[in-house]
$ cat target_7.pdb   # PDB, C-alpha atoms
ATOM      1  CA  MET A   1     114.580  58.572 122.521
ATOM      2  CA  SER A   2     117.544  60.326 124.206
ATOM      3  CA  PRO A   3     120.399  58.303 125.785
ATOM      4  CA  THR A   4     119.215  59.191 129.290
ATOM      5  CA  GLU A   5     115.685  58.055 128.458
ATOM      6  CA  THR A   6     117.090  54.793 127.092
ATOM      7  CA  TYR A   7     119.082  54.436 130.295
ATOM      8  CA  LEU A   8     116.013  55.011 132.474
ATOM      9  CA  LYS A   9     114.159  52.355 130.495
ATOM     10  CA  GLY A  10     117.068  49.988 131.176
ATOM     11  CA  VAL A  11     116.936  50.693 134.913
ATOM     12  CA  GLN A  12     113.170  50.220 134.935
ATOM     13  CA  SER A  13     113.549  46.873 133.241
ATOM     14  CA  ALA A  14     116.382  45.789 135.568
ATOM     15  CA  MET A  15     114.240  46.618 138.623
ATOM     16  CA  ARG A  16     111.500  44.201 137.578
ATOM     17  CA  GLY A  17     110.240  42.347 140.610
ATOM     18  CA  LEU A  18     110.621  45.209 143.078
ATOM     19  CA  ASP A  19     107.515  46.743 144.598
ATOM     20  CA  ARG A  20     105.825  49.035 142.051
ATOM     21  CA  ARG A  21     105.740  52.104 144.329
ATOM     22  CA  ILE A  22     109.420  51.769 145.194
ATOM     23  CA  ARG A  23     110.300  51.289 141.531
ATOM     24  CA  GLU A  24     108.393  54.386 140.485
ATOM     25  CA  ASP A  25     109.915  56.499 143.237
ATOM     26  CA  VAL A  26     113.454  55.348 142.400
ATOM     27  CA  LEU A  27     112.939  56.100 138.704
ATOM     28  CA  ARG A  28     111.422  59.496 139.445
ATOM     29  CA  GLU A  29     114.391  60.393 141.622
ATOM     30  CA  LEU A  30     116.878  59.105 139.060
ATOM     31  CA  LYS A  31     115.120  61.052 136.326
ATOM     32  CA  ALA A  32     115.335  64.253 138.396
ATOM     33  CA  HIS A  33     119.006  63.551 139.086
ATOM     34  CA  LEU A  34     119.817  63.009 135.408
ATOM     35  CA  ALA A  35     117.952  66.189 134.446
ATOM     36  CA  ASP A  36     120.084  68.160 136.944
ATOM     37  CA  ALA A  37     123.266  66.436 135.786
ATOM     38  CA  VAL A  38     122.543  67.080 132.103
ATOM     39  CA  ALA A  39     121.764  70.746 132.825
ATOM     40  CA  ASP A  40     125.056  70.982 134.713
ATOM     41  CA  GLY A  41     127.453  69.121 132.441
ATOM     42  CA  GLY A  42     125.756  68.137 129.196
ATOM     43  CA  GLU A  43     124.244  64.783 128.221
ATOM     44  CA  SER A  44     127.351  63.169 126.748
ATOM     45  CA  ALA A  45     129.356  63.710 129.967
ATOM     46  CA  VAL A  46     126.502  62.310 132.047
ATOM     47  CA  VAL A  47     125.987  59.281 129.827
ATOM     48  CA  ALA A  48     129.718  58.437 129.932
ATOM     49  CA  ASN A  49     129.545  58.267 133.734
ATOM     50  CA  LEU A  50     126.471  56.111 134.187
ATOM     51  CA  GLU A  51     126.625  52.802 136.005
ATOM     52  CA  ALA A  52     125.053  49.695 134.494
ATOM     53  CA  PRO A  53     121.273  49.545 135.140
ATOM     54  CA  GLN A  54     121.747  46.053 136.606
ATOM     55  CA  ALA A  55     124.212  47.407 139.189
ATOM     56  CA  ILE A  56     121.744  50.121 140.225
ATOM     57  CA  ALA A  57     118.853  47.648 140.415
ATOM     58  CA  ARG A  58     120.931  45.193 142.476
ATOM     59  CA  ARG A  59     121.494  47.782 145.213
ATOM     60  CA  TYR A  60     117.782  48.507 145.517
ATOM     61  CA  LYS A  61     117.017  44.797 145.485
ATOM     62  CA  VAL A  62     119.431  44.316 148.395
ATOM     63  CA  LEU A  63     117.812  47.246 150.180
ATOM     64  CA  TYR A  64     114.132  46.406 149.663
ATOM     65  CA  GLY A  65     113.959  42.844 148.361
ATOM     66  CA  TYR A  66     111.371  41.761 145.804
ATOM     67  CA  GLY A  67     107.781  42.967 146.008
ATOM     68  CA  ARG A  68     105.073  40.742 147.514
ATOM     69  CA  SER A  69     103.607  39.646 144.175
ATOM     70  CA  PHE A  70     107.005  38.624 142.829
ATOM     71  CA  GLN A  71     107.791  36.766 146.074
ATOM     72  CA  SER A  72     104.489  34.894 145.764
ATOM     73  CA  MET A  73     105.467  33.788 142.257
ATOM     74  CA  PHE A  74     108.632  32.178 143.648
ATOM     75  CA  VAL A  75     106.532  30.253 146.201
ATOM     76  CA  ILE A  76     103.832  29.214 143.714
ATOM     77  CA  PHE A  77     106.390  27.971 141.206
ATOM     78  CA  ALA A  78     108.100  25.897 143.915
ATOM     79  CA  ALA A  79     104.720  24.424 144.885
ATOM     80  CA  VAL A  80     103.988  23.468 141.267
ATOM     81  CA  LEU A  81     107.398  21.836 140.920
ATOM     82  CA  GLY A  82     106.737  20.074 144.243
ATOM     83  CA  LEU A  83     103.537  18.638 142.804
ATOM     84  CA  LEU A  84     105.381  17.349 139.741
ATOM     85  CA  THR A  85     107.823  15.458 141.974
ATOM     86  CA  ILE A  86     105.033  13.027 142.950
ATOM     87  CA  PRO A  87     104.569  10.205 140.433
ATOM     88  CA  ILE A  88     100.799  10.295 140.797
ATOM     89  CA  PHE A  89     100.053   9.915 137.129
ATOM     90  CA  SER A  90     100.410   6.145 137.254
ATOM     91  CA  LEU A  91      98.934   5.714 133.771
ATOM     92  CA  LEU A  92     102.120   7.200 132.411
ATOM     93  CA  GLU A  93     104.461   4.687 134.081
ATOM     94  CA  PRO A  94     107.413   4.387 133.665
ATOM     95  CA  LEU A  95     107.411   7.965 132.392
ATOM     96  CA  ALA A  96     105.837   9.217 135.646
ATOM     97  CA  SER A  97     108.860   8.144 137.729
ATOM     98  CA  LEU A  98     111.264   9.758 135.309
ATOM     99  CA  VAL A  99     109.235  12.994 135.282
ATOM    100  CA  SER A 100     109.119  13.044 139.090
ATOM    101  CA  LEU A 101     112.890  12.533 139.337
ATOM    102  CA  LEU A 102     113.556  15.283 136.808
ATOM    103  CA  ALA A 103     111.112  17.547 138.646
ATOM    104  CA  LEU A 104     112.896  16.830 141.929
ATOM    105  CA  GLY A 105     116.229  17.799 140.384
ATOM    106  CA  ALA A 106     114.677  20.955 138.939
ATOM    107  CA  LEU A 107     113.048  21.772 142.292
ATOM    108  CA  VAL A 108     116.315  21.428 144.222
ATOM    109  CA  THR A 109     118.128  23.650 141.719
ATOM    110  CA  TYR A 110     115.278  26.147 141.697
ATOM    111  CA  LEU A 111     115.105  26.389 145.502
ATOM    112  CA  ILE A 112     118.828  27.069 145.771
ATOM    113  CA  LEU A 113     118.711  29.718 143.041
ATOM    114  CA  ALA A 114     115.537  31.302 144.438
ATOM    115  CA  ALA A 115     117.039  31.504 147.921
ATOM    116  CA  MET A 116     120.221  33.069 146.561
ATOM    117  CA  ASP A 117     118.335  35.576 144.455
ATOM    118  CA  ALA A 118     115.288  36.472 146.532
ATOM    119  CA  GLY A 119     116.688  35.863 150.017
ATOM    120  CA  SER A 120     116.331  33.283 152.773
ATOM    121  CA  SER A 121     112.743  34.224 153.749
ATOM    122  CA  VAL A 122     111.399  33.708 150.236
ATOM    123  CA  GLY A 123     113.519  30.552 149.889
ATOM    124  CA  LEU A 124     112.126  29.236 153.173
ATOM    125  CA  PHE A 125     108.523  29.864 152.123
ATOM    126  CA  ALA A 126     109.205  28.249 148.737
ATOM    127  CA  GLY A 127     110.784  25.211 150.457
ATOM    128  CA  VAL A 128     107.870  24.873 152.906
ATOM    129  CA  ALA A 129     105.343  25.186 150.056
ATOM    130  CA  ALA A 130     107.094  22.474 148.031
ATOM    131  CA  CYS A 131     107.365  20.252 151.126
ATOM    132  CA  LEU A 132     103.691  20.633 152.088
ATOM    133  CA  VAL A 133     102.465  20.082 148.525
ATOM    134  CA  ARG A 134     104.525  16.896 148.272
ATOM    135  CA  ILE A 135     103.318  15.513 151.609
ATOM    136  CA  GLY A 136      99.724  16.601 150.979
ATOM    137  CA  THR A 137      99.642  15.077 147.515
ATOM    138  CA  LEU A 138     101.121  11.741 148.547
ATOM    139  CA  ALA A 139      98.921  11.568 151.649
ATOM    140  CA  GLY A 140      95.916  12.302 149.415
ATOM    141  CA  ALA A 141      96.972   9.555 147.035
ATOM    142  CA  GLN A 142      97.384   7.191 150.004
ATOM    143  CA  ILE A 143      93.878   7.949 151.257
ATOM    144  CA  ALA A 144      92.414   7.574 147.765
ATOM    145  CA  THR A 145      94.024   4.156 147.329
ATOM    146  CA  GLU A 146      93.569   2.958 150.896
ATOM    147  CA  ILE A 147      93.467  -0.701 149.971
ATOM    148  CA  ALA A 148      96.778  -0.621 148.081
ATOM    149  CA  PRO A 149      99.295   1.561 149.941
ATOM    150  CA  VAL A 150     101.300   3.811 147.649
ATOM    151  CA  THR A 151     104.487   3.040 149.546
ATOM    152  CA  ASP A 152     105.764   1.215 152.655
ATOM    153  CA  ALA A 153     107.174   2.652 155.908
ATOM    154  CA  ARG A 154     110.724   2.955 154.522
ATOM    155  CA  GLY A 155     109.391   4.680 151.440
ATOM    156  CA  TRP A 156     107.504   7.161 153.600
ATOM    157  CA  ALA A 157     110.585   7.830 155.738
ATOM    158  CA  LEU A 158     112.683   8.543 152.652
ATOM    159  CA  PHE A 159     109.925  10.661 151.173
ATOM    160  CA  LEU A 160     109.520  12.747 154.339
ATOM    161  CA  GLY A 161     113.297  13.116 154.682
ATOM    162  CA  VAL A 162     113.614  14.463 151.137
ATOM    163  CA  SER A 163     110.604  16.747 151.679
ATOM    164  CA  PHE A 164     112.085  18.308 154.814
ATOM    165  CA  LEU A 165     115.444  18.612 153.091
ATOM    166  CA  LEU A 166     113.722  20.888 150.573
ATOM    167  CA  VAL A 167     112.894  23.316 153.405
ATOM    168  CA  VAL A 168     116.554  23.358 154.446
ATOM    169  CA  LEU A 169     117.656  23.860 150.821
ATOM    170  CA  GLY A 170     115.259  26.756 150.494
ATOM    171  CA  TYR A 171     116.653  28.515 153.549
ATOM    172  CA  VAL A 172     120.347  27.763 154.011
ATOM    173  CA  PRO A 173     121.881  29.028 150.708
ATOM    174  CA  GLY A 174     120.092  32.369 150.958
ATOM    175  CA  ARG A 175     120.977  32.781 154.633
ATOM    176  CA  ALA A 176     124.614  31.907 153.946
ATOM    177  CA  ARG A 177     124.771  34.435 151.146
ATOM    178  CA  GLU A 178     123.218  37.123 153.336
ATOM    179  CA  LYS A 179     125.783  36.450 156.057
ATOM    180  CA  TRP A 180     128.782  36.379 153.749
ATOM    181  CA  THR A 181     127.843  39.340 151.602
ATOM    182  CA  ARG A 182     126.722  41.635 154.420
ATOM    183  CA  ARG A 183     128.937  44.574 153.564
ATOM    184  CA  ASP A 184     126.493  47.228 154.652
ATOM    185  CA  LEU A 185     128.504  49.742 156.645
ATOM    186  CA  SER A 186     125.478  51.634 157.949
ATOM    187  CA  MET A 187     125.859  53.694 161.076
TER
ATOM    188  CA  MET B 188     125.901  51.628 125.823
ATOM    189  CA  LYS B 189     129.146  51.321 127.853
ATOM    190  CA  TYR B 190     128.777  51.889 131.572
ATOM    191  CA  ALA B 191     131.164  53.290 134.160
ATOM    192  CA  ARG B 192     132.538  51.314 137.097
ATOM    193  CA  SER B 193     130.931  51.546 140.517
ATOM    194  CA  ASP B 194     132.382  53.846 143.159
ATOM    195  CA  THR B 195     135.760  52.499 144.132
ATOM    196  CA  ALA B 196     139.082  54.136 144.636
ATOM    197  CA  ARG B 197     140.604  54.934 141.289
ATOM    198  CA  ASP B 198     143.504  57.056 142.475
ATOM    199  CA  PRO B 199     146.917  55.952 141.279
ATOM    200  CA  MET B 200     148.193  54.545 144.579
ATOM    201  CA  PRO B 201     149.749  51.226 143.611
ATOM    202  CA  GLU B 202     150.741  50.201 147.141
ATOM    203  CA  VAL B 203     147.317  50.810 148.676
ATOM    204  CA  SER B 204     144.538  48.471 147.585
ATOM    205  CA  ASP B 205     141.372  49.874 146.044
ATOM    206  CA  GLU B 206     139.378  47.817 148.528
ATOM    207  CA  TRP B 207     140.980  49.511 151.527
ATOM    208  CA  THR B 208     140.187  52.994 150.230
ATOM    209  CA  ALA B 209     136.696  51.905 149.201
ATOM    210  CA  GLU B 210     136.039  50.554 152.703
ATOM    211  CA  LEU B 211     137.147  53.842 154.256
ATOM    212  CA  LYS B 212     134.788  55.710 151.970
ATOM    213  CA  LYS B 213     131.910  53.346 152.601
ATOM    214  CA  GLY B 214     132.352  53.633 156.344
ATOM    215  CA  SER B 215     132.237  57.412 156.327
ATOM    216  CA  ILE B 216     129.727  58.204 153.590
ATOM    217  CA  GLN B 217     126.658  58.209 155.824
ATOM    218  CA  LEU B 218     128.347  60.496 158.307
ATOM    219  CA  CYS B 219     129.154  62.933 155.485
ATOM    220  CA  LEU B 220     125.620  62.807 154.108
ATOM    221  CA  LEU B 221     124.102  63.565 157.502
ATOM    222  CA  ALA B 222     126.592  66.401 158.006
ATOM    223  CA  LEU B 223     125.624  67.929 154.656
ATOM    224  CA  LEU B 224     122.034  68.167 155.822
ATOM    225  CA  THR B 225     122.648  69.940 159.145
ATOM    226  CA  LYS B 226     121.786  73.415 157.904
ATOM    227  CA  GLU B 227     119.133  72.878 155.244
ATOM    228  CA  ALA B 228     117.233  70.332 153.161
ATOM    229  CA  LYS B 229     119.075  69.265 150.019
ATOM    230  CA  TYR B 230     118.455  67.165 146.919
ATOM    231  CA  GLY B 231     120.690  64.391 145.637
ATOM    232  CA  PHE B 232     122.559  66.091 142.831
ATOM    233  CA  GLN B 233     123.271  69.072 145.078
ATOM    234  CA  MET B 234     124.734  66.747 147.721
ATOM    235  CA  ILE B 235     126.969  64.925 145.212
ATOM    236  CA  LYS B 236     128.337  68.216 143.932
ATOM    237  CA  GLU B 237     128.882  69.682 147.375
ATOM    238  CA  LEU B 238     130.559  66.529 148.617
ATOM    239  CA  ARG B 239     132.865  66.419 145.594
ATOM    240  CA  GLU B 240     133.863  70.060 145.970
ATOM    241  CA  THR B 241     134.305  69.987 149.742
ATOM    242  CA  THR B 242     136.452  66.849 149.666
ATOM    243  CA  GLU B 243     138.384  67.981 146.583
ATOM    244  CA  GLY B 244     137.172  65.015 144.582
ATOM    245  CA  PHE B 245     137.843  62.269 147.168
ATOM    246  CA  PHE B 246     134.112  61.599 147.422
ATOM    247  CA  ASP B 247     132.837  61.546 143.865
ATOM    248  CA  LEU B 248     129.630  59.596 144.398
ATOM    249  CA  LYS B 249     127.587  58.085 141.674
ATOM    250  CA  GLU B 250     123.812  58.202 141.776
ATOM    251  CA  GLY B 251     123.701  54.432 142.255
ATOM    252  CA  THR B 252     125.581  54.831 145.541
ATOM    253  CA  LEU B 253     124.080  58.052 146.861
ATOM    254  CA  TYR B 254     120.379  57.316 146.609
ATOM    255  CA  PRO B 255     120.433  53.834 148.178
ATOM    256  CA  ALA B 256     122.572  55.320 150.997
ATOM    257  CA  LEU B 257     120.031  58.094 151.532
ATOM    258  CA  ARG B 258     117.228  55.563 151.538
ATOM    259  CA  ARG B 259     119.037  53.514 154.172
ATOM    260  CA  LEU B 260     119.270  56.632 156.302
ATOM    261  CA  GLU B 261     115.585  57.238 155.739
ATOM    262  CA  GLU B 262     114.740  53.653 156.751
ATOM    263  CA  ARG B 263     116.635  54.258 159.984
ATOM    264  CA  GLY B 264     114.661  57.469 160.577
ATOM    265  CA  PHE B 265     117.756  59.683 160.331
ATOM    266  CA  VAL B 266     116.453  61.685 157.372
ATOM    267  CA  LYS B 267     113.064  62.272 155.788
ATOM    268  CA  SER B 268     112.332  63.075 152.184
ATOM    269  CA  GLU B 269     109.780  65.149 150.354
ATOM    270  CA  TRP B 270     109.068  65.766 146.680
ATOM    271  CA  VAL B 271     109.076  69.447 145.807
ATOM    272  CA  GLU B 272     107.450  70.657 142.607
ATOM    273  CA  ARG B 273     109.170  73.428 140.690
ATOM    274  CA  GLU B 274     107.762  76.070 138.415
ATOM    275  CA  THR B 275     110.028  74.837 135.634
ATOM    276  CA  GLY B 276     111.889  71.570 135.395
ATOM    277  CA  THR B 277     111.559  68.161 136.980
ATOM    278  CA  PRO B 278     110.387  67.923 140.620
ATOM    279  CA  ARG B 279     113.168  67.239 143.108
ATOM    280  CA  LYS B 280     113.262  65.054 146.182
ATOM    281  CA  TYR B 281     114.649  66.948 149.149
ATOM    282  CA  TYR B 282     116.161  65.265 152.183
ATOM    283  CA  THR B 283     115.970  66.755 155.683
ATOM    284  CA  LEU B 284     117.788  65.730 158.848
ATOM    285  CA  THR B 285     115.461  64.489 161.611
ATOM    286  CA  ALA B 286     116.000  64.895 165.369
ATOM    287  CA  LYS B 287     117.076  61.247 165.496
ATOM    288  CA  GLY B 288     119.479  61.871 162.627
ATOM    289  CA  ARG B 289     120.938  64.884 164.392
ATOM    290  CA  LYS B 290     121.561  62.780 167.476
ATOM    291  CA  ALA B 291     123.135  60.008 165.375
ATOM    292  CA  LEU B 292     125.316  62.592 163.661
ATOM    293  CA  ASP B 293     126.531  63.955 167.006
ATOM    294  CA  GLU B 294     127.389  60.472 168.234
ATOM    295  CA  ALA B 295     129.088  59.498 164.974
ATOM    296  CA  ARG B 296     131.009  62.769 164.930
ATOM    297  CA  THR B 297     132.372  61.990 168.402
ATOM    298  CA  VAL B 298     133.492  58.531 167.273
ATOM    299  CA  TRP B 299     135.028  59.954 164.117
ATOM    300  CA  THR B 300     136.867  62.761 165.904
ATOM    301  CA  THR B 301     138.249  60.378 168.511
ATOM    302  CA  MET B 302     139.411  57.967 165.830
ATOM    303  CA  ALA B 303     140.875  60.658 163.574
ATOM    304  CA  HIS B 304     142.669  62.258 166.513
ATOM    305  CA  GLY B 305     144.087  58.910 167.615
ATOM    306  CA  VAL B 306     145.180  57.904 164.106
ATOM    307  CA  ASP B 307     146.738  61.338 163.528
ATOM    308  CA  ARG B 308     148.761  60.953 166.717
ATOM    309  CA  VAL B 309     149.981  57.527 165.691
ATOM    310  CA  LEU B 310     150.805  58.706 162.170
ATOM    311  CA  GLY B 311     152.585  61.743 163.594
ATOM    312  CA  ARG B 312     154.712  59.444 165.703
ATOM    313  CA  SER B 313     155.619  57.282 162.696
ATOM    314  CA  ARG B 314     156.873  60.194 160.561
TER
END
$ encode --input "target_7.pdb" --output "structure tokens"
Amino acid sequence: MSPTETYLKGVQSAMRGLDRRIREDVLRELKAHLADAVADGGESAVVANLEAPQAIARRYKVLYGYGRSFQSMFVIFAAVLGLLTIPIFSLLEPLASLVSLLALGALVTYLILAAMDAGSSVGLFAGVAACLVRIGTLAGAQIATEIAPVTDARGWALFLGVSFLLVVLGYVPGRAREKWTRRDLSM
Amino acid sequence: MKYARSDTARDPMPEVSDEWTAELKKGSIQLCLLALLTKEAKYGFQMIKELRETTEGFFDLKEGTLYPALRRLEERGFVKSEWVERETGTPRKYYTLTAKGRKALDEARTVWTTMAHGVDRVLGRSR
């Protein structure tokens, strides 16, 4: 495999998560560009001047964002983590509480990172998904054990507060990053 | 594999920050790209070469800067692109200026000329 082919493979790998059609078009264009550049100045000169594949991929990610399927994965993963934050597996007590606390910590970290990486819209959807799964699961557990409430009014208030905070955590870091890093000097 | 730095000013001007020069370049790159397309459709490598030669090396764009910039212009409807097959060699993507792009170029050219004229006058006064 030639150095330019290796480079194109690196760019392809770095662009994972972008829409497939966009990825293919970008690679096709880059391949055509490199072919012209090699014909003009030789492969070694071209290879010495290449930017890191990650830097190239980052610019396209800023321009287009992740593809729909990749965005959905962010949301689904947040929902799964949201489910794990509910200590519904009472047979495992006291392990269930510990697992739910760890899951909550992981969810908070994940939402912040997802929002920073994939943008505020994806972060918001991920936060809403986690919030709804938490509320839905606990409400379901409450209905299933109607005689013995799963928590009291204060417990519910705290639970709802934390759940809504997840929505904020999914949105705000990504939005802040978008505002602060907006260096696009388009006409 | 070792990779090159992104497009920033690399001229030996110790008193002027790289960021300042880079901002000037960033702010004017789209105007230059539109201007390059006024007469005919062009492909990326051709535009990089022409820009480098015309500006005597001031604009030495890398592919990672040029193509996202062209795609931004395309998203705005200022240019359109088309893949053209060749008898030999890899197909090339050609960019053409649209009517909207021509109008944007005219407006931007007016802004640029006014600014350049004003700055020149001020600089002339300070010499």
$ interface_residues --input "target_7.pdb" --of "chain B" --to "chain A" --cutoff "9 Å" --atoms "only C-alpha atoms" --output "PDB file with C-alpha atoms, in the frame of the given file"
ATOM      1  CA  MET B 188     125.901  51.628 125.823  1.00  0.00           C
ATOM      2  CA  LYS B 189     129.146  51.321 127.853  1.00  0.00           C
ATOM      3  CA  TYR B 190     128.777  51.889 131.572  1.00  0.00           C
ATOM      4  CA  ALA B 191     131.164  53.290 134.160  1.00  0.00           C
ATOM      5  CA  ARG B 192     132.538  51.314 137.097  1.00  0.00           C
ATOM      6  CA  SER B 193     130.931  51.546 140.517  1.00  0.00           C
ATOM      7  CA  GLU B 210     136.039  50.554 152.703  1.00  0.00           C
ATOM      8  CA  LYS B 213     131.910  53.346 152.601  1.00  0.00           C
ATOM      9  CA  GLY B 214     132.352  53.633 156.344  1.00  0.00           C
ATOM     10  CA  SER B 215     132.237  57.412 156.327  1.00  0.00           C
ATOM     11  CA  ILE B 216     129.727  58.204 153.590  1.00  0.00           C
ATOM     12  CA  GLN B 217     126.658  58.209 155.824  1.00  0.00           C
ATOM     13  CA  LEU B 218     128.347  60.496 158.307  1.00  0.00           C
ATOM     14  CA  TYR B 230     118.455  67.165 146.919  1.00  0.00           C
ATOM     15  CA  GLY B 231     120.690  64.391 145.637  1.00  0.00           C
ATOM     16  CA  PHE B 232     122.559  66.091 142.831  1.00  0.00           C
ATOM     17  CA  GLN B 233     123.271  69.072 145.078  1.00  0.00           C
ATOM     18  CA  LYS B 249     127.587  58.085 141.674  1.00  0.00           C
ATOM     19  CA  GLU B 250     123.812  58.202 141.776  1.00  0.00           C
ATOM     20  CA  GLY B 251     123.701  54.432 142.255  1.00  0.00           C
ATOM     21  CA  THR B 252     125.581  54.831 145.541  1.00  0.00           C
ATOM     22  CA  TYR B 254     120.379  57.316 146.609  1.00  0.00           C
ATOM     23  CA  PRO B 255     120.433  53.834 148.178  1.00  0.00           C
ATOM     24  CA  ALA B 256     122.572  55.320 150.997  1.00  0.00           C
ATOM     25  CA  ARG B 258     117.228  55.563 151.538  1.00  0.00           C
ATOM     26  CA  ARG B 259     119.037  53.514 154.172  1.00  0.00           C
ATOM     27  CA  LEU B 260     119.270  56.632 156.302  1.00  0.00           C
ATOM     28  CA  GLY B 276     111.889  71.570 135.395  1.00  0.00           C
ATOM     29  CA  THR B 277     111.559  68.161 136.980  1.00  0.00           C
ATOM     30  CA  PRO B 278     110.387  67.923 140.620  1.00  0.00           C
ATOM     31  CA  ARG B 279     113.168  67.239 143.108  1.00  0.00           C
ATOM     32  CA  LYS B 280     113.262  65.054 146.182  1.00  0.00           C
ATOM     33  CA  ALA B 291     123.135  60.008 165.375  1.00  0.00           C
ATOM     34  CA  ALA B 295     129.088  59.498 164.974  1.00  0.00           C
TER      35      ALA B 295
END
$ atom_distance --input "target_7.pdb" --atom1 "atom CA of Arg239 of chain B" --atom2 "atom CA of Asp205 of chain B"
18.6 Å
$ residues_around --input "target_7.pdb" --residues "Ala115 of chain A" --least-positions-apart "2" --cutoff "8 Å" --atoms "all atoms listed in the file" --output "VMD selection string"
chain A and resid 111 to 113 117 to 124 170 to 175
$ closest_residue --input "target_7.pdb" --among "B:Leu253, B:Ile235, B:Leu221, B:Val306" --to "Lys267 of chain B" --atoms "all atoms listed in the file"
B:Leu221
$ atom_distance --input "target_7.pdb" --atom1 "atom CA of Val266 of chain B" --atom2 "atom CA of Val46 of chain A"
27.3 Å
$ atom_distance --input "target_7.pdb" --atom1 "atom CA of Ile135 of chain A" --atom2 "atom CA of Thr85 of chain A"
10.6 Å
$ resolve_selection --input "target_7.pdb" --expression "the PyMOL selection byres ((chain B and resi 237) around 12)" --output "PyMOL selection string"
chain B and resi 219-220+222-224+229-236+238-248
$ resolve_selection --input "target_7.pdb" --expression "the PyMOL selection byres ((chain A and resi 110) around 10)" --output "VMD selection string"
chain A and resid 74 77 to 78 81 104 to 109 111 to 116 123 126 to 127 169 to 170
$ residues_near_point --input "target_7.pdb" --point "(115.5, 66.8, 162.4)" --cutoff "10 Å" --atoms "all atoms listed in the file" --output "PyMOL selection string"
chain B and resi 224-225+264-267+283-290
$ build_atoms --input "target_7.pdb" --residues "segment 106-110 of chain A" --atoms "all heavy atoms" --output "PDB file, keeping the file's coordinate frame"
ATOM      1  N   ALA A 106     114.984  19.561 139.292  1.00  0.00           N
ATOM      2  CA  ALA A 106     114.677  20.955 138.939  1.00  0.00           C
ATOM      3  C   ALA A 106     114.278  21.740 140.187  1.00  0.00           C
ATOM      4  O   ALA A 106     114.687  22.894 140.360  1.00  0.00           O
ATOM      5  CB  ALA A 106     113.552  20.989 137.916  1.00  0.00           C
ATOM      6  N   LEU A 107     113.511  21.094 141.071  1.00  0.00           N
ATOM      7  CA  LEU A 107     113.048  21.772 142.292  1.00  0.00           C
ATOM      8  C   LEU A 107     114.224  22.132 143.204  1.00  0.00           C
ATOM      9  O   LEU A 107     114.294  23.252 143.734  1.00  0.00           O
ATOM     10  CB  LEU A 107     112.044  20.881 143.031  1.00  0.00           C
ATOM     11  CG  LEU A 107     111.508  21.407 144.359  1.00  0.00           C
ATOM     12  CD1 LEU A 107     110.809  22.752 144.185  1.00  0.00           C
ATOM     13  CD2 LEU A 107     110.543  20.405 144.991  1.00  0.00           C
ATOM     14  N   VAL A 108     115.135  21.181 143.371  1.00  0.00           N
ATOM     15  CA  VAL A 108     116.315  21.428 144.222  1.00  0.00           C
ATOM     16  C   VAL A 108     117.126  22.605 143.663  1.00  0.00           C
ATOM     17  O   VAL A 108     117.472  23.546 144.395  1.00  0.00           O
ATOM     18  CB  VAL A 108     117.190  20.144 144.311  1.00  0.00           C
ATOM     19  CG1 VAL A 108     118.553  20.463 144.894  1.00  0.00           C
ATOM     20  CG2 VAL A 108     116.492  19.081 145.151  1.00  0.00           C
ATOM     21  N   THR A 109     117.371  22.562 142.354  1.00  0.00           N
ATOM     22  CA  THR A 109     118.128  23.650 141.719  1.00  0.00           C
ATOM     23  C   THR A 109     117.390  24.972 141.874  1.00  0.00           C
ATOM     24  O   THR A 109     117.979  26.004 142.221  1.00  0.00           O
ATOM     25  CB  THR A 109     118.319  23.359 140.212  1.00  0.00           C
ATOM     26  OG1 THR A 109     118.789  22.030 140.077  1.00  0.00           O
ATOM     27  CG2 THR A 109     119.288  24.322 139.577  1.00  0.00           C
ATOM     28  N   TYR A 110     116.087  24.931 141.632  1.00  0.00           N
ATOM     29  CA  TYR A 110     115.278  26.147 141.697  1.00  0.00           C
ATOM     30  C   TYR A 110     115.288  26.739 143.114  1.00  0.00           C
ATOM     31  O   TYR A 110     115.433  27.959 143.282  1.00  0.00           O
ATOM     32  CB  TYR A 110     113.843  25.825 141.268  1.00  0.00           C
ATOM     33  CG  TYR A 110     112.924  27.008 141.397  1.00  0.00           C
ATOM     34  CD1 TYR A 110     113.000  28.063 140.489  1.00  0.00           C
ATOM     35  CD2 TYR A 110     112.014  27.099 142.439  1.00  0.00           C
ATOM     36  CE1 TYR A 110     112.175  29.167 140.618  1.00  0.00           C
ATOM     37  CE2 TYR A 110     111.185  28.200 142.569  1.00  0.00           C
ATOM     38  CZ  TYR A 110     111.268  29.226 141.664  1.00  0.00           C
ATOM     39  OH  TYR A 110     110.465  30.320 141.792  1.00  0.00           O
TER      40      TYR A 110
END
